[in-house]
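Asker: I have a structure I would like to understand better, so I am pasting it below and will then ask my questions one at a time.
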Amino acid sequence: MNHIYECKILLVDDNRELLSMVTRMLKREGFSQIKAVSCCREAKEALQEELPELIILDVMLPDGNGFSLFQEIRQKADIPILFLSARDEDNDRLLGLGLGADDYLTKPFLPKELSLRIGAIIRRTYLSGHEAQSRASDLTLGERTVHFDQGSVKGPLGETALTAKELLILKKLYENLNKIVTFDALCDAVWGDGYYTYENTLMVHIRRLREKLEEDPSHPKWLLTARGIGYRLSVPLS
């Protein structure tokens with residue numbers, strides 16, 4: 001795995017609304033390989049089909065206990081697991097972490113906090129070392145460097161902040177480096193469900209991004225238009 005957004009994630013929770021919400025949130029963040037199941041049986045079936053690289057696991061499931069399922073999984077594979085539970089008792093949290101879980105987050109939670117914890121687990125497990133950390137958080141475009149973790153662009157004239165939506169657009173393009181990302185995919189990444197009619201607004205954000213990324217925004221070198229389809233972040237691979 002060369003980037004955190006390539007991570008295959010398995011969500012296990014009996015709350016289907018929460019599954020849908022977390023799935024949408026992670027997709028907006030750039031994660032695309034997500035499978036959601038609602039019980040122990042479905043989780044075991046999913047694990048037989050393909051091993052994920054991260055599991056987000058509820059403690060209370062309709063046909064079993066998340067702690068027991070955790071132990072079954074760890075007997076077969078050392079997959080990072082984050083407990084996501086409505087049980088806020090210290091004993092449960094200590095039990096989960098004591099079993100060897102990578103993290104424990106209680107409901108209700110802030111979606112951004114979940115995303116940050118997932119990113120930390122993935123980087124710690126799969127992208128160790130300074131080079132991997134740099135690759136996950138920085139992007140060099142000529143004389144300018146995008147710092148994803150800081151939400152800024154540093155260039156010859158100083159540092160410029162990216163807006164939240166500019167950062168989401170750039171993350172989606174970076175996830176699909178040198179590939180065309182459609183208008184629909186970009187709008188969905190930024191505005192989620194009900195993104196229709198946002199294409200003109202997207203064009204405005206792209207124009208502003210070019211002003212921050214390009215030496216000559218009128219003749220872009222990095223952020224290119226695929227006429228009638230979408231946009232592409234074009235960066236030579238070293």
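Chains: A, B, ... in order of the structure tokens. Residues: from 1 per chain. Ligands: from 1, in order shown.
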Just list as a PDB file with N, CA and C atoms, in the first residue's frame whatever in stretch 18-229 of chain A DSSP marks as alpha helix (DSSP H).

Answerer:
```pdb
ATOM      1  N   LEU A  18     -25.807   4.155  10.854  1.00  0.00           N
ATOM      2  CA  LEU A  18     -24.426   4.507  11.154  1.00  0.00           C
ATOM      3  C   LEU A  18     -23.484   3.953  10.080  1.00  0.00           C
ATOM      4  N   LEU A  19     -23.737   2.716   9.627  1.00  0.00           N
ATOM      5  CA  LEU A  19     -22.923   2.136   8.560  1.00  0.00           C
ATOM      6  C   LEU A  19     -22.954   3.020   7.326  1.00  0.00           C
ATOM      7  N   SER A  20     -24.151   3.463   6.955  1.00  0.00           N
ATOM      8  CA  SER A  20     -24.301   4.314   5.776  1.00  0.00           C
ATOM      9  C   SER A  20     -23.592   5.653   5.964  1.00  0.00           C
ATOM     10  N   MET A  21     -23.735   6.233   7.152  1.00  0.00           N
ATOM     11  CA  MET A  21     -23.116   7.525   7.428  1.00  0.00           C
ATOM     12  C   MET A  21     -21.595   7.426   7.393  1.00  0.00           C
ATOM     13  N   VAL A  22     -21.042   6.400   8.059  1.00  0.00           N
ATOM     14  CA  VAL A  22     -19.585   6.238   8.093  1.00  0.00           C
ATOM     15  C   VAL A  22     -19.042   5.941   6.698  1.00  0.00           C
ATOM     16  N   THR A  23     -19.764   5.113   5.931  1.00  0.00           N
ATOM     17  CA  THR A  23     -19.326   4.801   4.568  1.00  0.00           C
ATOM     18  C   THR A  23     -19.271   6.060   3.713  1.00  0.00           C
ATOM     19  N   ARG A  24     -20.332   6.885   3.776  1.00  0.00           N
ATOM     20  CA  ARG A  24     -20.351   8.130   3.002  1.00  0.00           C
ATOM     21  C   ARG A  24     -19.224   9.058   3.438  1.00  0.00           C
ATOM     22  N   MET A  25     -19.014   9.156   4.742  1.00  0.00           N
ATOM     23  CA  MET A  25     -17.980  10.041   5.249  1.00  0.00           C
ATOM     24  C   MET A  25     -16.594   9.610   4.774  1.00  0.00           C
ATOM     25  N   LEU A  26     -16.318   8.305   4.854  1.00  0.00           N
ATOM     26  CA  LEU A  26     -15.005   7.813   4.443  1.00  0.00           C
ATOM     27  C   LEU A  26     -14.794   7.989   2.944  1.00  0.00           C
ATOM     28  N   LYS A  27     -15.848   7.806   2.160  1.00  0.00           N
ATOM     29  CA  LYS A  27     -15.723   8.010   0.717  1.00  0.00           C
ATOM     30  C   LYS A  27     -15.451   9.477   0.397  1.00  0.00           C
ATOM     31  N   ARG A  28     -16.081  10.370   1.148  1.00  0.00           N
ATOM     32  CA  ARG A  28     -15.806  11.790   0.935  1.00  0.00           C
ATOM     33  C   ARG A  28     -14.361  12.127   1.294  1.00  0.00           C
ATOM     34  N   GLU A  29     -13.809  11.411   2.272  1.00  0.00           N
ATOM     35  CA  GLU A  29     -12.423  11.632   2.667  1.00  0.00           C
ATOM     36  C   GLU A  29     -11.448  11.075   1.622  1.00  0.00           C
ATOM     37  N   CYS A  40     -21.870 -10.646  13.144  1.00  0.00           N
ATOM     38  CA  CYS A  40     -20.674 -11.495  13.186  1.00  0.00           C
ATOM     39  C   CYS A  40     -20.626 -12.448  11.989  1.00  0.00           C
ATOM     40  N   ARG A  41     -21.777 -13.042  11.672  1.00  0.00           N
ATOM     41  CA  ARG A  41     -21.819 -14.005  10.565  1.00  0.00           C
ATOM     42  C   ARG A  41     -21.374 -13.352   9.257  1.00  0.00           C
ATOM     43  N   GLU A  42     -21.918 -12.165   8.962  1.00  0.00           N
ATOM     44  CA  GLU A  42     -21.549 -11.480   7.725  1.00  0.00           C
ATOM     45  C   GLU A  42     -20.076 -11.074   7.752  1.00  0.00           C
ATOM     46  N   ALA A  43     -19.574 -10.697   8.928  1.00  0.00           N
ATOM     47  CA  ALA A  43     -18.172 -10.326   9.048  1.00  0.00           C
ATOM     48  C   ALA A  43     -17.264 -11.511   8.736  1.00  0.00           C
ATOM     49  N   LYS A  44     -17.615 -12.681   9.256  1.00  0.00           N
ATOM     50  CA  LYS A  44     -16.808 -13.880   9.008  1.00  0.00           C
ATOM     51  C   LYS A  44     -16.842 -14.262   7.533  1.00  0.00           C
ATOM     52  N   GLU A  45     -18.010 -14.117   6.903  1.00  0.00           N
ATOM     53  CA  GLU A  45     -18.118 -14.416   5.472  1.00  0.00           C
ATOM     54  C   GLU A  45     -17.254 -13.460   4.657  1.00  0.00           C
ATOM     55  N   ALA A  46     -17.279 -12.184   5.031  1.00  0.00           N
ATOM     56  CA  ALA A  46     -16.478 -11.190   4.320  1.00  0.00           C
ATOM     57  C   ALA A  46     -14.985 -11.485   4.472  1.00  0.00           C
ATOM     58  N   LEU A  47     -14.589 -11.920   5.661  1.00  0.00           N
ATOM     59  CA  LEU A  47     -13.177 -12.229   5.910  1.00  0.00           C
ATOM     60  C   LEU A  47     -12.715 -13.457   5.131  1.00  0.00           C
ATOM     61  N   GLN A  48     -13.634 -14.391   4.876  1.00  0.00           N
ATOM     62  CA  GLN A  48     -13.294 -15.556   4.072  1.00  0.00           C
ATOM     63  C   GLN A  48     -13.092 -15.179   2.611  1.00  0.00           C
ATOM     64  N   GLU A  49     -13.849 -14.176   2.154  1.00  0.00           N
ATOM     65  CA  GLU A  49     -13.731 -13.745   0.763  1.00  0.00           C
ATOM     66  C   GLU A  49     -12.445 -12.963   0.527  1.00  0.00           C
ATOM     67  N   GLY A  66     -18.390  -8.331  20.053  1.00  0.00           N
ATOM     68  CA  GLY A  66     -17.263  -7.824  19.286  1.00  0.00           C
ATOM     69  C   GLY A  66     -15.919  -8.230  19.846  1.00  0.00           C
ATOM     70  N   PHE A  67     -15.826  -8.352  21.181  1.00  0.00           N
ATOM     71  CA  PHE A  67     -14.565  -8.769  21.782  1.00  0.00           C
ATOM     72  C   PHE A  67     -14.214 -10.206  21.384  1.00  0.00           C
ATOM     73  N   SER A  68     -15.219 -11.078  21.366  1.00  0.00           N
ATOM     74  CA  SER A  68     -14.986 -12.468  20.973  1.00  0.00           C
ATOM     75  C   SER A  68     -14.610 -12.562  19.492  1.00  0.00           C
ATOM     76  N   LEU A  69     -15.317 -11.778  18.667  1.00  0.00           N
ATOM     77  CA  LEU A  69     -15.000 -11.774  17.239  1.00  0.00           C
ATOM     78  C   LEU A  69     -13.587 -11.254  17.016  1.00  0.00           C
ATOM     79  N   PHE A  70     -13.201 -10.243  17.772  1.00  0.00           N
ATOM     80  CA  PHE A  70     -11.837  -9.705  17.692  1.00  0.00           C
ATOM     81  C   PHE A  70     -10.811 -10.809  17.921  1.00  0.00           C
ATOM     82  N   GLN A  71     -11.035 -11.619  18.975  1.00  0.00           N
ATOM     83  CA  GLN A  71     -10.082 -12.681  19.288  1.00  0.00           C
ATOM     84  C   GLN A  71     -10.022 -13.737  18.190  1.00  0.00           C
ATOM     85  N   GLU A  72     -11.186 -14.052  17.596  1.00  0.00           N
ATOM     86  CA  GLU A  72     -11.210 -15.003  16.469  1.00  0.00           C
ATOM     87  C   GLU A  72     -10.402 -14.474  15.298  1.00  0.00           C
ATOM     88  N   ILE A  73     -10.595 -13.200  14.994  1.00  0.00           N
ATOM     89  CA  ILE A  73      -9.899 -12.596  13.856  1.00  0.00           C
ATOM     90  C   ILE A  73      -8.400 -12.604  14.088  1.00  0.00           C
ATOM     91  N   ARG A  74      -7.978 -12.211  15.287  1.00  0.00           N
ATOM     92  CA  ARG A  74      -6.552 -12.101  15.576  1.00  0.00           C
ATOM     93  C   ARG A  74      -5.849 -13.465  15.609  1.00  0.00           C
ATOM     94  N   GLN A  75      -6.610 -14.538  15.804  1.00  0.00           N
ATOM     95  CA  GLN A  75      -6.016 -15.875  15.738  1.00  0.00           C
ATOM     96  C   GLN A  75      -5.615 -16.234  14.312  1.00  0.00           C
ATOM     97  N   LYS A  76      -6.278 -15.603  13.342  1.00  0.00           N
ATOM     98  CA  LYS A  76      -6.038 -15.923  11.934  1.00  0.00           C
ATOM     99  C   LYS A  76      -5.175 -14.885  11.224  1.00  0.00           C
ATOM    100  N   ASP A  90     -15.230   2.442  31.367  1.00  0.00           N
ATOM    101  CA  ASP A  90     -13.778   2.306  31.346  1.00  0.00           C
ATOM    102  C   ASP A  90     -13.348   0.859  31.217  1.00  0.00           C
ATOM    103  N   ASN A  91     -14.084  -0.063  31.865  1.00  0.00           N
ATOM    104  CA  ASN A  91     -13.709  -1.478  31.814  1.00  0.00           C
ATOM    105  C   ASN A  91     -13.762  -2.016  30.393  1.00  0.00           C
ATOM    106  N   ASP A  92     -14.797  -1.608  29.610  1.00  0.00           N
ATOM    107  CA  ASP A  92     -14.893  -2.059  28.220  1.00  0.00           C
ATOM    108  C   ASP A  92     -13.752  -1.508  27.384  1.00  0.00           C
ATOM    109  N   ARG A  93     -13.478  -0.233  27.580  1.00  0.00           N
ATOM    110  CA  ARG A  93     -12.390   0.389  26.815  1.00  0.00           C
ATOM    111  C   ARG A  93     -11.052  -0.266  27.143  1.00  0.00           C
ATOM    112  N   LEU A  94     -10.819  -0.498  28.431  1.00  0.00           N
ATOM    113  CA  LEU A  94      -9.566  -1.130  28.838  1.00  0.00           C
ATOM    114  C   LEU A  94      -9.483  -2.573  28.353  1.00  0.00           C
ATOM    115  N   LEU A  95     -10.643  -3.264  28.334  1.00  0.00           N
ATOM    116  CA  LEU A  95     -10.655  -4.639  27.828  1.00  0.00           C
ATOM    117  C   LEU A  95     -10.295  -4.667  26.354  1.00  0.00           C
ATOM    118  N   GLY A  96     -10.928  -3.780  25.575  1.00  0.00           N
ATOM    119  CA  GLY A  96     -10.646  -3.741  24.142  1.00  0.00           C
ATOM    120  C   GLY A  96      -9.193  -3.442  23.849  1.00  0.00           C
ATOM    121  N   LEU A  97      -8.651  -2.431  24.520  1.00  0.00           N
ATOM    122  CA  LEU A  97      -7.250  -2.078  24.310  1.00  0.00           C
ATOM    123  C   LEU A  97      -6.328  -3.152  24.874  1.00  0.00           C
ATOM    124  N   GLY A  98      -6.754  -3.769  25.980  1.00  0.00           N
ATOM    125  CA  GLY A  98      -5.951  -4.833  26.586  1.00  0.00           C
ATOM    126  C   GLY A  98      -5.868  -6.068  25.704  1.00  0.00           C
ATOM    127  N   LEU A  99      -6.913  -6.331  24.926  1.00  0.00           N
ATOM    128  CA  LEU A  99      -6.890  -7.462  23.993  1.00  0.00           C
ATOM    129  C   LEU A  99      -5.925  -7.218  22.836  1.00  0.00           C
ATOM    130  N   PRO A 111     -17.254  12.658  13.086  1.00  0.00           N
ATOM    131  CA  PRO A 111     -16.752  11.953  11.900  1.00  0.00           C
ATOM    132  C   PRO A 111     -15.289  12.261  11.603  1.00  0.00           C
ATOM    133  N   LYS A 112     -14.896  13.526  11.784  1.00  0.00           N
ATOM    134  CA  LYS A 112     -13.507  13.887  11.498  1.00  0.00           C
ATOM    135  C   LYS A 112     -12.551  13.181  12.453  1.00  0.00           C
ATOM    136  N   GLU A 113     -12.974  12.993  13.701  1.00  0.00           N
ATOM    137  CA  GLU A 113     -12.116  12.282  14.655  1.00  0.00           C
ATOM    138  C   GLU A 113     -11.900  10.842  14.218  1.00  0.00           C
ATOM    139  N   LEU A 114     -12.981  10.186  13.753  1.00  0.00           N
ATOM    140  CA  LEU A 114     -12.844   8.819  13.260  1.00  0.00           C
ATOM    141  C   LEU A 114     -11.881   8.776  12.088  1.00  0.00           C
ATOM    142  N   SER A 115     -12.030   9.711  11.156  1.00  0.00           N
ATOM    143  CA  SER A 115     -11.146   9.753   9.991  1.00  0.00           C
ATOM    144  C   SER A 115      -9.691   9.930  10.398  1.00  0.00           C
ATOM    145  N   LEU A 116      -9.430  10.808  11.354  1.00  0.00           N
ATOM    146  CA  LEU A 116      -8.058  11.045  11.808  1.00  0.00           C
ATOM    147  C   LEU A 116      -7.474   9.806  12.485  1.00  0.00           C
ATOM    148  N   ARG A 117      -8.296   9.125  13.273  1.00  0.00           N
ATOM    149  CA  ARG A 117      -7.801   7.913  13.949  1.00  0.00           C
ATOM    150  C   ARG A 117      -7.513   6.806  12.940  1.00  0.00           C
ATOM    151  N   ILE A 118      -8.368   6.679  11.934  1.00  0.00           N
ATOM    152  CA  ILE A 118      -8.135   5.685  10.883  1.00  0.00           C
ATOM    153  C   ILE A 118      -6.827   5.985  10.165  1.00  0.00           C
ATOM    154  N   GLY A 119      -6.636   7.251   9.790  1.00  0.00           N
ATOM    155  CA  GLY A 119      -5.398   7.632   9.117  1.00  0.00           C
ATOM    156  C   GLY A 119      -4.170   7.344   9.955  1.00  0.00           C
ATOM    157  N   ALA A 120      -4.257   7.603  11.262  1.00  0.00           N
ATOM    158  CA  ALA A 120      -3.123   7.356  12.148  1.00  0.00           C
ATOM    159  C   ALA A 120      -2.794   5.867  12.222  1.00  0.00           C
ATOM    160  N   ILE A 121      -3.832   5.027  12.307  1.00  0.00           N
ATOM    161  CA  ILE A 121      -3.605   3.579  12.369  1.00  0.00           C
ATOM    162  C   ILE A 121      -2.953   3.077  11.090  1.00  0.00           C
ATOM    163  N   ILE A 122      -3.468   3.531   9.943  1.00  0.00           N
ATOM    164  CA  ILE A 122      -2.935   3.069   8.659  1.00  0.00           C
ATOM    165  C   ILE A 122      -1.484   3.488   8.490  1.00  0.00           C
ATOM    166  N   ARG A 123      -1.194   4.753   8.808  1.00  0.00           N
ATOM    167  CA  ARG A 123       0.193   5.216   8.662  1.00  0.00           C
ATOM    168  C   ARG A 123       1.128   4.460   9.600  1.00  0.00           C
ATOM    169  N   ARG A 124       0.652   4.243  10.821  1.00  0.00           N
ATOM    170  CA  ARG A 124       1.480   3.549  11.809  1.00  0.00           C
ATOM    171  C   ARG A 124       1.746   2.103  11.399  1.00  0.00           C
ATOM    172  N   THR A 125       0.736   1.464  10.803  1.00  0.00           N
ATOM    173  CA  THR A 125       0.841   0.044  10.474  1.00  0.00           C
ATOM    174  C   THR A 125       1.513  -0.214   9.135  1.00  0.00           C
ATOM    175  N   TYR A 126       1.136   0.581   8.129  1.00  0.00           N
ATOM    176  CA  TYR A 126       1.565   0.262   6.765  1.00  0.00           C
ATOM    177  C   TYR A 126       2.530   1.263   6.145  1.00  0.00           C
ATOM    178  N   HIS A 130       9.933   7.961   7.551  1.00  0.00           N
ATOM    179  CA  HIS A 130       9.806   9.358   7.128  1.00  0.00           C
ATOM    180  C   HIS A 130       9.342   9.483   5.689  1.00  0.00           C
ATOM    181  N   GLU A 131       9.847   8.621   4.795  1.00  0.00           N
ATOM    182  CA  GLU A 131       9.499   8.721   3.376  1.00  0.00           C
ATOM    183  C   GLU A 131       8.014   8.502   3.167  1.00  0.00           C
ATOM    184  N   ALA A 132       7.458   7.469   3.827  1.00  0.00           N
ATOM    185  CA  ALA A 132       6.034   7.182   3.677  1.00  0.00           C
ATOM    186  C   ALA A 132       5.189   8.303   4.254  1.00  0.00           C
ATOM    187  N   GLN A 133       5.614   8.844   5.395  1.00  0.00           N
ATOM    188  CA  GLN A 133       4.866   9.941   6.000  1.00  0.00           C
ATOM    189  C   GLN A 133       4.844  11.151   5.084  1.00  0.00           C
ATOM    190  N   SER A 134       5.991  11.450   4.478  1.00  0.00           N
ATOM    191  CA  SER A 134       6.062  12.575   3.566  1.00  0.00           C
ATOM    192  C   SER A 134       5.173  12.357   2.363  1.00  0.00           C
ATOM    193  N   ARG A 135       5.196  11.116   1.818  1.00  0.00           N
ATOM    194  CA  ARG A 135       4.385  10.812   0.652  1.00  0.00           C
ATOM    195  C   ARG A 135       2.906  10.942   0.968  1.00  0.00           C
ATOM    196  N   ALA A 136       2.510  10.645   2.190  1.00  0.00           N
ATOM    197  CA  ALA A 136       1.098  10.703   2.557  1.00  0.00           C
ATOM    198  C   ALA A 136       0.619  12.115   2.799  1.00  0.00           C
ATOM    199  N   SER A 137       1.546  13.053   3.100  1.00  0.00           N
ATOM    200  CA  SER A 137       1.093  14.371   3.527  1.00  0.00           C
ATOM    201  C   SER A 137       1.561  15.510   2.637  1.00  0.00           C
ATOM    202  N   ALA A 164     -11.530  24.331   2.842  1.00  0.00           N
ATOM    203  CA  ALA A 164     -11.901  22.934   3.094  1.00  0.00           C
ATOM    204  C   ALA A 164     -12.296  22.226   1.803  1.00  0.00           C
ATOM    205  N   LYS A 165     -13.049  22.904   0.943  1.00  0.00           N
ATOM    206  CA  LYS A 165     -13.505  22.278  -0.296  1.00  0.00           C
ATOM    207  C   LYS A 165     -12.364  22.132  -1.301  1.00  0.00           C
ATOM    208  N   GLU A 166     -11.464  23.102  -1.343  1.00  0.00           N
ATOM    209  CA  GLU A 166     -10.286  22.963  -2.210  1.00  0.00           C
ATOM    210  C   GLU A 166      -9.449  21.764  -1.788  1.00  0.00           C
ATOM    211  N   LEU A 167      -9.316  21.567  -0.483  1.00  0.00           N
ATOM    212  CA  LEU A 167      -8.538  20.444   0.030  1.00  0.00           C
ATOM    213  C   LEU A 167      -9.192  19.113  -0.329  1.00  0.00           C
ATOM    214  N   LEU A 168     -10.525  19.029  -0.223  1.00  0.00           N
ATOM    215  CA  LEU A 168     -11.235  17.802  -0.590  1.00  0.00           C
ATOM    216  C   LEU A 168     -11.070  17.492  -2.072  1.00  0.00           C
ATOM    217  N   ILE A 169     -11.162  18.514  -2.922  1.00  0.00           N
ATOM    218  CA  ILE A 169     -10.983  18.321  -4.369  1.00  0.00           C
ATOM    219  C   ILE A 169      -9.582  17.813  -4.659  1.00  0.00           C
ATOM    220  N   LEU A 170      -8.590  18.456  -4.034  1.00  0.00           N
ATOM    221  CA  LEU A 170      -7.199  18.090  -4.286  1.00  0.00           C
ATOM    222  C   LEU A 170      -6.897  16.681  -3.783  1.00  0.00           C
ATOM    223  N   LYS A 171      -7.463  16.302  -2.637  1.00  0.00           N
ATOM    224  CA  LYS A 171      -7.269  14.947  -2.121  1.00  0.00           C
ATOM    225  C   LYS A 171      -7.837  13.913  -3.086  1.00  0.00           C
ATOM    226  N   LYS A 172      -9.018  14.199  -3.622  1.00  0.00           N
ATOM    227  CA  LYS A 172      -9.647  13.259  -4.554  1.00  0.00           C
ATOM    228  C   LYS A 172      -8.814  13.121  -5.822  1.00  0.00           C
ATOM    229  N   LEU A 173      -8.290  14.225  -6.325  1.00  0.00           N
ATOM    230  CA  LEU A 173      -7.443  14.172  -7.514  1.00  0.00           C
ATOM    231  C   LEU A 173      -6.125  13.449  -7.221  1.00  0.00           C
ATOM    232  N   TYR A 174      -5.564  13.689  -6.033  1.00  0.00           N
ATOM    233  CA  TYR A 174      -4.305  13.042  -5.655  1.00  0.00           C
ATOM    234  C   TYR A 174      -4.497  11.539  -5.478  1.00  0.00           C
ATOM    235  N   GLU A 175      -5.666  11.159  -4.976  1.00  0.00           N
ATOM    236  CA  GLU A 175      -5.983   9.737  -4.829  1.00  0.00           C
ATOM    237  C   GLU A 175      -5.965   9.037  -6.185  1.00  0.00           C
ATOM    238  N   PHE A 183     -16.577  14.859 -13.232  1.00  0.00           N
ATOM    239  CA  PHE A 183     -17.253  15.931 -12.511  1.00  0.00           C
ATOM    240  C   PHE A 183     -18.091  15.354 -11.368  1.00  0.00           C
ATOM    241  N   ASP A 184     -18.837  14.269 -11.670  1.00  0.00           N
ATOM    242  CA  ASP A 184     -19.713  13.661 -10.671  1.00  0.00           C
ATOM    243  C   ASP A 184     -18.923  13.158  -9.474  1.00  0.00           C
ATOM    244  N   ALA A 185     -17.785  12.494  -9.733  1.00  0.00           N
ATOM    245  CA  ALA A 185     -16.983  11.938  -8.639  1.00  0.00           C
ATOM    246  C   ALA A 185     -16.424  13.045  -7.754  1.00  0.00           C
ATOM    247  N   LEU A 186     -15.995  14.138  -8.368  1.00  0.00           N
ATOM    248  CA  LEU A 186     -15.462  15.248  -7.581  1.00  0.00           C
ATOM    249  C   LEU A 186     -16.557  15.934  -6.770  1.00  0.00           C
ATOM    250  N   CYS A 187     -17.709  16.148  -7.398  1.00  0.00           N
ATOM    251  CA  CYS A 187     -18.817  16.780  -6.672  1.00  0.00           C
ATOM    252  C   CYS A 187     -19.280  15.901  -5.514  1.00  0.00           C
ATOM    253  N   ASP A 188     -19.321  14.592  -5.736  1.00  0.00           N
ATOM    254  CA  ASP A 188     -19.734  13.677  -4.676  1.00  0.00           C
ATOM    255  C   ASP A 188     -18.736  13.689  -3.525  1.00  0.00           C
ATOM    256  N   ALA A 189     -17.441  13.796  -3.860  1.00  0.00           N
ATOM    257  CA  ALA A 189     -16.402  13.823  -2.819  1.00  0.00           C
ATOM    258  C   ALA A 189     -16.503  15.076  -1.959  1.00  0.00           C
ATOM    259  N   VAL A 190     -16.968  16.177  -2.544  1.00  0.00           N
ATOM    260  CA  VAL A 190     -17.017  17.449  -1.824  1.00  0.00           C
ATOM    261  C   VAL A 190     -18.362  17.690  -1.160  1.00  0.00           C
ATOM    262  N   TRP A 191     -19.465  17.420  -1.902  1.00  0.00           N
ATOM    263  CA  TRP A 191     -20.792  17.761  -1.385  1.00  0.00           C
ATOM    264  C   TRP A 191     -21.637  16.555  -0.999  1.00  0.00           C
ATOM    265  N   GLU A 199     -21.837  21.545 -10.535  1.00  0.00           N
ATOM    266  CA  GLU A 199     -20.731  21.516 -11.483  1.00  0.00           C
ATOM    267  C   GLU A 199     -20.147  22.907 -11.713  1.00  0.00           C
ATOM    268  N   ASN A 200     -21.014  23.928 -11.819  1.00  0.00           N
ATOM    269  CA  ASN A 200     -20.510  25.290 -12.013  1.00  0.00           C
ATOM    270  C   ASN A 200     -19.723  25.759 -10.795  1.00  0.00           C
ATOM    271  N   THR A 201     -20.200  25.392  -9.601  1.00  0.00           N
ATOM    272  CA  THR A 201     -19.479  25.748  -8.376  1.00  0.00           C
ATOM    273  C   THR A 201     -18.123  25.053  -8.337  1.00  0.00           C
ATOM    274  N   LEU A 202     -18.085  23.807  -8.803  1.00  0.00           N
ATOM    275  CA  LEU A 202     -16.822  23.064  -8.866  1.00  0.00           C
ATOM    276  C   LEU A 202     -15.818  23.799  -9.747  1.00  0.00           C
ATOM    277  N   MET A 203     -16.285  24.334 -10.869  1.00  0.00           N
ATOM    278  CA  MET A 203     -15.393  25.059 -11.785  1.00  0.00           C
ATOM    279  C   MET A 203     -14.763  26.272 -11.093  1.00  0.00           C
ATOM    280  N   VAL A 204     -15.532  26.934 -10.250  1.00  0.00           N
ATOM    281  CA  VAL A 204     -15.004  28.091  -9.506  1.00  0.00           C
ATOM    282  C   VAL A 204     -13.887  27.646  -8.570  1.00  0.00           C
ATOM    283  N   HIS A 205     -14.101  26.531  -7.845  1.00  0.00           N
ATOM    284  CA  HIS A 205     -13.071  26.017  -6.927  1.00  0.00           C
ATOM    285  C   HIS A 205     -11.823  25.582  -7.688  1.00  0.00           C
ATOM    286  N   ILE A 206     -12.004  24.963  -8.853  1.00  0.00           N
ATOM    287  CA  ILE A 206     -10.867  24.548  -9.670  1.00  0.00           C
ATOM    288  C   ILE A 206     -10.062  25.767 -10.103  1.00  0.00           C
ATOM    289  N   ARG A 207     -10.756  26.838 -10.512  1.00  0.00           N
ATOM    290  CA  ARG A 207     -10.054  28.061 -10.934  1.00  0.00           C
ATOM    291  C   ARG A 207      -9.221  28.628  -9.783  1.00  0.00           C
ATOM    292  N   ARG A 208      -9.803  28.639  -8.588  1.00  0.00           N
ATOM    293  CA  ARG A 208      -9.072  29.161  -7.432  1.00  0.00           C
ATOM    294  C   ARG A 208      -7.904  28.256  -7.045  1.00  0.00           C
ATOM    295  N   LEU A 209      -8.101  26.951  -7.193  1.00  0.00           N
ATOM    296  CA  LEU A 209      -7.005  26.019  -6.926  1.00  0.00           C
ATOM    297  C   LEU A 209      -5.841  26.274  -7.874  1.00  0.00           C
ATOM    298  N   ARG A 210      -6.154  26.501  -9.148  1.00  0.00           N
ATOM    299  CA  ARG A 210      -5.094  26.764 -10.128  1.00  0.00           C
ATOM    300  C   ARG A 210      -4.325  28.024  -9.783  1.00  0.00           C
ATOM    301  N   GLU A 211      -5.011  29.012  -9.241  1.00  0.00           N
ATOM    302  CA  GLU A 211      -4.331  30.245  -8.840  1.00  0.00           C
ATOM    303  C   GLU A 211      -3.323  29.992  -7.728  1.00  0.00           C
ATOM    304  N   LYS A 212      -3.566  28.950  -6.934  1.00  0.00           N
ATOM    305  CA  LYS A 212      -2.663  28.623  -5.829  1.00  0.00           C
ATOM    306  C   LYS A 212      -1.593  27.609  -6.222  1.00  0.00           C
ATOM    307  N   LEU A 213      -1.879  26.805  -7.265  1.00  0.00           N
ATOM    308  CA  LEU A 213      -0.967  25.717  -7.619  1.00  0.00           C
ATOM    309  C   LEU A 213      -0.108  25.997  -8.852  1.00  0.00           C
TER     310      LEU A 213
END
```

Asker: Compile the contact shell of A:Pro156 as a list in words: residues with an atom at most 12 Å away, counting only C-alpha atoms, same-chain residues fewer than 4 positions apart removed.

Answerer: Leu141, Gly142, Glu143, Arg144, Thr145, Thr160, Lys212, Leu213, Glu214 and Glu215 of chain A

Asker: Between A:Arg16, A:Tyr5, A:Pro217, A:Met60, which is the closest to A:Ile34 once you count only C-alpha atoms?

Answerer: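 For A:Ile34, the nearest of the given residues is A:Tyr5.
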
Asker: Run DSSP on the backbone of this structure and report the residues of stretch 36-228 of chain A it assigns to strand (DSSP E or B), as a ChimeraX atom specification.

Answerer: /A:36-37,54-57,60-61,64-65,81-85,103-106,138-141,144-147,152-155,158-161,180-182,223-226

Asker: For A:Gly151, find every residue with an atom within 8 Å (counting only C-alpha atoms), except residues of its own chain fewer than 4 positions away, and show them as a ChimeraX atom specification.

Answerer: /A:146-147,161-164,167

Asker: Interatomic distance between atom CA of A:Val181 and atom CA of A:Glu159?

Answerer: 26.9 Å

Asker: Interatomic distance between atom CA of A:Thr182 and atom CA of A:Glu17?

Answerer: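 Interatomic distance, atom CA of A:Thr182 to atom CA of A:Glu17: 27.6 Å.
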
Asker: Out of A:Gln150, A:Asn176, A:Ser85, A:Asn65, which residue has the shortest atom-to-atom distance to A:Gly30 when counting only C-alpha atoms?

Answerer: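 For A:Gly30, the nearest of the candidates is A:Asn176.
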
Asker: Need to verify the contact set: stretch 6-10 of chain A, 8 Å, only C-alpha atoms, exclusion of same-chain residues closer than 6 positions in sequence. Can you return it as a list in words?

Answerer: Phe31, Ser32, Gln33, Ile34, Lys35, Ala36, Val37, Pro52, Glu53, Leu54, Ile55, Ile56 and Ile122 of chain A
